[in-house]
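K.L.:
If you scroll down you'll find the structure; I have some questions about it.
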Amino acid sequence: MTGVRLNNGVSACNDESMPMPGAPLPTALIPDCTKPEAHHAAYRSAKTNDAIFVCIARQGPRWMVELDAFASSGPTIPEQAVAVLRSAVEALVSDGTVTQANIAPDYISMRAIESEQKARELAAAFHAAMHGLRQLYIAVPIPHRKA
């Protein structure tokens, strides 16, 4: 039985399984969208798979990360969750890992990242966070405060 292991008699996929559409991408699968046609193809693929779009791109000697939840039909990421993402981005700007960043409820971009590997690492981490926060919000809706 390749790719499956048994845990107390129940089968479970191992770590070699490919992610399902709409699932967070591992570092190695983050697309390089330096060329505009690669960006268009990756965005189209995210829309087709109803996934949060994520990519890296070379900008001169440095790299950028882009995430866009508008590619998927899921709910807007709630402001409480955006605050967590914003805090992480601010920490990256403070320590100089990222020199410029934009963050909104459904969009994040980070620029002037020193290496492709660091850009991939950040892209994968933020993609997983956006996906996870959205899934948590779907499972446990946050009640709206009355004004």
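Here, A, B, ... name the chains of the structure tokens in the order displayed, residue numbers run from 1 inside each chain, and ligands are numbered from 1 in the same displayed order.
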Can you pull out the residues contacting A:Cys33? Cut-off 10 Å, using only C-alpha atoms, and skip same-chain residues under 3 positions away; I want them as number ranges by chain.

P.N.:
A: 30, 36-43, 54-58, 64-66

K.L.:
Once you have the residues from the selection above, write them out as a tab-separated table (two decimals), in the first residue's frame, restricted to N, CA and C atoms.

P.N.:
chain	number	residue	atom	x	y	z
A	30	ILE	N	5.00	27.02	-4.63
A	30	ILE	CA	4.60	28.42	-4.83
A	30	ILE	C	5.08	28.83	-6.21
A	36	PRO	N	4.75	38.06	-16.77
A	36	PRO	CA	3.30	38.33	-16.71
A	36	PRO	C	2.44	37.13	-17.13
A	37	GLU	N	2.88	36.38	-18.13
A	37	GLU	CA	2.07	35.24	-18.58
A	37	GLU	C	2.01	34.16	-17.50
A	38	ALA	N	3.07	34.02	-16.71
A	38	ALA	CA	3.05	33.06	-15.60
A	38	ALA	C	2.08	33.53	-14.52
A	39	HIS	N	2.04	34.84	-14.28
A	39	HIS	CA	1.11	35.40	-13.29
A	39	HIS	C	-0.33	35.15	-13.73
A	40	HIS	N	-0.63	35.44	-14.99
A	40	HIS	CA	-1.99	35.23	-15.49
A	40	HIS	C	-2.40	33.76	-15.39
A	41	ALA	N	-1.49	32.86	-15.77
A	41	ALA	CA	-1.79	31.42	-15.71
A	41	ALA	C	-2.01	30.96	-14.27
A	42	ALA	N	-1.17	31.42	-13.35
A	42	ALA	CA	-1.31	31.02	-11.94
A	42	ALA	C	-2.60	31.57	-11.34
A	43	TYR	N	-2.94	32.81	-11.68
A	43	TYR	CA	-4.17	33.41	-11.15
A	43	TYR	C	-5.40	32.66	-11.71
A	54	VAL	N	-1.53	32.76	-4.67
A	54	VAL	CA	-0.25	33.09	-4.05
A	54	VAL	C	0.83	32.95	-5.10
A	55	CYS	N	1.82	33.85	-5.05
A	55	CYS	CA	2.96	33.73	-5.95
A	55	CYS	C	4.14	34.53	-5.41
A	56	ILE	N	5.29	34.27	-6.01
A	56	ILE	CA	6.47	35.10	-5.79
A	56	ILE	C	6.87	35.64	-7.15
A	57	ALA	N	7.64	36.72	-7.17
A	57	ALA	CA	8.15	37.27	-8.42
A	57	ALA	C	9.43	38.03	-8.16
A	58	ARG	N	10.34	37.94	-9.09
A	58	ARG	CA	11.60	38.66	-9.00
A	58	ARG	C	11.36	40.10	-9.40
A	64	MET	N	9.32	39.54	-4.45
A	64	MET	CA	8.07	39.97	-3.83
A	64	MET	C	7.17	38.76	-3.63
A	65	VAL	N	6.20	38.92	-2.74
A	65	VAL	CA	5.18	37.91	-2.46
A	65	VAL	C	3.84	38.58	-2.67
A	66	GLU	N	2.91	37.86	-3.30
A	66	GLU	CA	1.56	38.37	-3.49
A	66	GLU	C	0.56	37.28	-3.14

K.L.:
Output as a ChimeraX atom specification all residues of chain A that backbone DSSP marks as helix (DSSP H, G or I).

P.N.:
/A:27-29,36-48,69-71,79-94,116-139

K.L.:
Can you pull out every residue within 8 Å of stretch 72-81 of chain A, counting only C-alpha atoms, but drop anything in the same chain fewer than 5 positions away, and send it as a list of chain:residue names?

P.N.:
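So the residues in contact are A:Ala46, A:Lys47, A:Asn49, A:Asp50, A:Ala51, A:Ile52, A:Phe53, A:Pro105, A:Asp106, A:Met130, A:Leu133, A:Arg134, A:Tyr137, A:Ile138.
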
K.L.:
Looking only at strand (DSSP E) from DSSP on the backbone, list the matching residues of stretch 64-132 of chain A as an MDAnalysis selection string.

P.N.:
chainID A and resid 64:68 100:104 107:113

K.L.:
Between atom CA of A:His131 and atom CA of A:Gln117, what is the distance in Å, rounded to a tenth?

P.N.:
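Computed distance, atom CA of A:His131 to atom CA of A:Gln117, equals 21.0 Å.
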